[in-house]
Every structure is written in structure tokens, then in C-alpha cells.
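Asks: Supplied structure: input.cif, mmCIF, C-alpha atoms.
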```cif
data_run
loop_
_atom_site.label_atom_id
_atom_site.label_comp_id
_atom_site.auth_asym_id
_atom_site.auth_seq_id
_atom_site.Cartn_x
_atom_site.Cartn_y
_atom_site.Cartn_z
CA MET D 1 225.96 50.64 155.06
CA THR D 2 225.69 51.11 158.78
CA THR D 3 225.23 48.67 161.61
CA PHE D 4 224.57 49.45 165.27
CA LEU D 5 225.49 47.61 168.48
CA ARG D 6 225.14 48.49 172.15
CA PRO D 7 228.57 49.01 173.74
CA ILE D 8 230.23 46.53 176.06
CA ARG D 9 232.71 47.40 178.79
CA SER D 10 236.12 45.99 178.05
CA THR D 11 239.60 46.97 176.99
CA CYS D 12 238.93 46.07 173.41
CA LEU D 13 238.55 47.64 170.00
CA ILE D 14 235.13 47.04 168.45
CA GLY D 15 234.81 47.65 164.75
CA SER D 16 234.17 46.43 161.24
CA ALA D 17 236.85 43.99 160.15
CA TYR D 18 237.93 43.87 156.58
CA THR D 19 239.57 41.13 154.60
CA LYS D 20 243.12 42.13 155.57
CA GLN D 21 242.27 41.38 159.25
CA GLU D 22 242.35 45.06 160.18
CA ILE D 23 239.58 46.63 162.24
CA VAL D 24 238.01 50.02 161.57
CA ALA D 25 236.64 51.29 164.88
CA GLY D 26 232.99 52.16 165.34
CA ARG D 27 231.75 55.62 166.35
CA ARG D 28 229.88 56.13 169.61
CA GLN D 29 226.53 57.86 169.05
CA PRO D 30 224.88 60.28 171.53
CA ASN D 31 222.68 57.40 172.76
CA ARG D 32 225.89 55.40 173.49
CA VAL D 33 225.27 52.95 170.64
CA LEU D 34 228.28 52.18 168.45
CA ALA D 35 227.79 52.83 164.74
CA PHE D 36 229.91 51.17 162.09
CA ASP D 37 229.90 52.90 158.71
CA PHE D 38 231.41 51.11 155.74
CA SER D 39 231.05 51.13 151.99
CA LEU D 40 230.54 48.15 149.73
CA LYS D 41 230.28 47.82 145.97
CA VAL D 42 227.61 45.77 144.23
CA LYS D 43 227.57 43.73 141.07
CA LYS D 44 225.18 41.31 139.38
CA GLY D 45 225.26 37.75 140.60
CA LYS D 46 223.69 34.43 139.60
CA ASP D 47 220.33 35.36 141.16
CA PRO D 48 219.06 38.48 139.35
CA LYS D 49 217.05 39.57 142.43
CA TYR D 50 220.10 39.83 144.71
CA PRO D 51 223.35 41.72 144.24
CA VAL D 52 226.77 40.38 145.12
CA PHE D 53 228.60 42.72 147.49
CA THR D 54 232.29 43.34 147.01
CA GLY D 55 234.94 45.53 148.60
CA ARG D 56 237.31 45.41 151.51
CA PHE D 57 234.57 44.71 154.10
CA ALA D 58 232.79 41.94 152.14
CA SER D 59 233.64 38.43 153.33
CA GLY D 60 232.36 34.98 152.42
CA PRO D 61 231.28 33.31 149.19
CA PRO D 62 229.27 35.34 146.62
CA ASP D 63 225.94 33.76 147.61
CA ASP D 64 226.48 34.27 151.37
CA ARG D 65 228.38 37.55 151.81
CA PHE D 66 228.66 39.18 155.20
CA VAL D 67 230.53 41.86 157.11
CA TYR D 68 232.36 40.96 160.30
CA LEU D 69 231.81 43.09 163.39
CA SER D 70 234.78 42.29 165.59
CA TRP D 71 235.88 42.65 169.19
CA TRP D 72 239.69 42.76 169.42
CA ALA D 73 241.46 42.33 172.79
CA ILE D 74 244.08 45.08 172.72
CA LYS D 75 246.35 43.66 175.44
CA ARG D 76 246.05 40.01 174.31
CA GLY D 77 246.27 40.84 170.61
CA ASP D 78 243.53 38.48 169.43
CA TYR D 79 239.81 38.33 168.71
CA ILE D 80 237.34 38.14 171.58
CA ASN D 81 234.44 37.63 169.22
CA ARG D 82 233.25 38.26 165.69
CA VAL D 83 229.63 38.52 164.57
CA LYS D 84 228.56 38.13 160.95
CA ALA D 85 226.21 40.78 159.57
CA ARG D 86 224.90 38.76 156.63
CA LEU D 87 223.98 40.66 153.47
CA ALA D 88 221.82 37.99 151.80
CA THR D 89 218.54 39.80 152.50
CA VAL D 90 219.58 43.03 150.75
CA ASP D 91 217.98 43.02 147.30
CA TRP D 92 218.38 45.30 144.28
CA LYS D 93 215.27 47.26 145.24
CA THR D 94 216.93 48.25 148.52
CA VAL D 95 220.23 49.08 146.80
CA ARG D 96 218.51 51.29 144.23
CA ALA D 97 216.43 53.06 146.89
CA SER D 98 219.63 53.73 148.87
CA GLN D 99 221.31 55.21 145.81
CA GLU D 100 218.31 57.30 144.73
CA LYS D 101 217.62 58.72 148.20
CA ASN D 102 221.29 58.97 149.19
CA ARG D 103 220.57 57.09 152.42
CA PRO D 104 222.57 54.25 153.95
CA ILE D 105 221.39 50.67 154.14
CA THR D 106 221.25 50.07 157.88
CA ALA D 107 220.86 47.25 160.40
CA ASP D 108 220.46 47.30 164.17
CA MET D 109 222.27 44.36 165.75
CA THR D 110 221.70 45.42 169.34
CA GLY D 111 221.44 42.34 171.53
CA TRP D 112 223.21 39.94 169.14
CA ILE D 113 225.55 37.66 171.06
CA PRO D 114 228.24 35.11 170.15
CA GLY D 115 226.60 32.07 168.56
CA ASP D 116 223.31 33.95 168.18
CA ALA D 117 220.58 31.75 166.67
CA ARG D 118 219.46 34.58 164.35
CA LYS D 119 221.17 34.02 161.05
CA HIS D 120 219.97 36.97 158.97
CA VAL D 121 220.12 40.65 159.76
CA THR D 122 217.17 42.89 158.91
CA TRP D 123 218.48 45.69 156.69
CA TYR D 124 216.54 48.91 156.02
CA LEU D 125 217.14 52.46 154.72
CA GLY D 126 218.67 54.62 157.44
#
```
Before we go any further, please render this structure as C-alpha cells.
Replies:
Amino acid sequence: MTTFLRPIRSTCLIGSAYTKQEIVAGRRQPNRVLAFDFSLKVKKGKDPKYPVFTGRFASGPPDDRFVYLSWWAIKRGDYINRVKARLATVDWKTVRASQEKNRPITADMTGWIPGDARKHVTWYLG
């Protein structure tokens, strides 16, 4: 899965946080957007239409999983912000298409801010 964010200027590390509170840094693209690539596993859940995502980047309860995108203040040693990239809208059809076409499931979170009113991310094949 891949998510994209526009860069901010700061002395911070921006990346995907996983459950051990470690951050994996994003990669700057030629258009200056930061890309965060991470892998998740899927399994069947209570709702047969939607998978449950597991793995080191999956956070939250099974029916509301998300991936944290995190800004870490290097000098201060604490979080500046974390944004949840919710996975609830990714269905089995999207997962299967990703596997069959060998393409990542992608979201563009450019413009998302702390406390953003948008709850769900729009995921699509990259």
C-alpha cells in the first residue's frame, strides 16, 4: 500500500509508524511528494465484504484499522502529529485486483491536516 503527502519544512522525520512506535521514513518523489510504502496482510473478518488488515503497520480494532502517518520532532524526541489513514473502505474486490495486477493499493492524502474532518481515505490501485 502506498500513501502520498506533500512535504512540510521542519526538522522532523515523516513516515509510517508501526505498532512498536518506530517510524519508517517516506521517500521523496520527483514531484517532491513523499511516498510511504508499506505492506499489510489480510484475513477474513466478521463482515465478508471487508478484509481485516494485519501486520506491523496495522493499528486499531479489527473493524476500524488504520495506518499512522507520523511527524516526529528529531530534536524534541516526540510526535508533532499523527494522521490516521483508515483502511475501512478497502474491500476484497480491491485487494484481489491489487494481487492479480501486482499493483499497490494507493491513497493520496495531500492536504490532510491535524484534526482533519475527513474520516475516510479514498484508496485506489496505483
Asks: To one decimal place in Å, what is the distance between CA of Lys41 (chain D) and CA of Leu69 (chain D)?
Replies: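 Straight-line distance from CA of Lys41 (chain D) to CA of Leu69 (chain D) works out to 18.1 Å.
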Asks: Quote the spacing between CA of Val67 (chain D) and CA of Ala25 (chain D) in Å to one decimal place.
Replies: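 Distance between the two atoms: 13.7 Å.
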Asks: At a cut-off of 10 Å, using all atoms listed in the file, what residues contact Asp64 (chain D)? Leave out same-chain residues fewer than 6 positions from it and give the result as a short mmCIF file (atom, residue, chain, number, x, y, z; two decimals) with C-alpha atoms, in the coordinates of the input.
Replies:
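part-v5.cif, freshly written:
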```cif
data_model
loop_
_atom_site.label_atom_id
_atom_site.label_comp_id
_atom_site.auth_asym_id
_atom_site.auth_seq_id
_atom_site.Cartn_x
_atom_site.Cartn_y
_atom_site.Cartn_z
CA VAL D 52 226.77 40.38 145.12
CA PHE D 53 228.60 42.72 147.49
CA ALA D 58 232.79 41.94 152.14
CA ARG D 86 224.90 38.76 156.63
CA LEU D 87 223.98 40.66 153.47
CA ALA D 88 221.82 37.99 151.80
CA THR D 89 218.54 39.80 152.50
#
```
Asks: With only C-alpha atoms as the atoms that count, which of D:Asn81, D:Thr94, D:Asn31, D:Asn102 lies nearest to Tyr68 (chain D)?
Replies: D:Asn81
Asks: For each of D:Ile80, D:Val42, D:Leu34, D:Ala107, take the minimum atom-to-atom distance to Val95 (chain D), counting all atoms listed in the file, then give the residue where this is smallest.
Replies: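 Closest candidate: D:Val42.
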Asks: How would you write, as a ChimeraX atom specification, the residues chosen by the PyMOL selection byres ((chain D and resi 124) around 7) on this structure?
Replies: /D:105-107,122-123,125-126
Asks: Interatomic distance between CA of Ser59 (chain D) and CA of Arg32 (chain D)?
Replies: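 Atom-to-atom, CA of Ser59 (chain D) to CA of Arg32 (chain D), that is 27.5 Å.
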Asks: What are the centre and the three edge lengths of an axis-aligned box that wraps all atoms of region 65-71 of chain D in the file, given that 6 Å is added to every side, written as AutoDock Vina command-line options and rounded to one decimal in Å?
Replies:
```
--center_x 232.1 --center_y 40.3 --center_z 160.5 --size_x 19.5 --size_y 17.5 --size_z 29.4
```
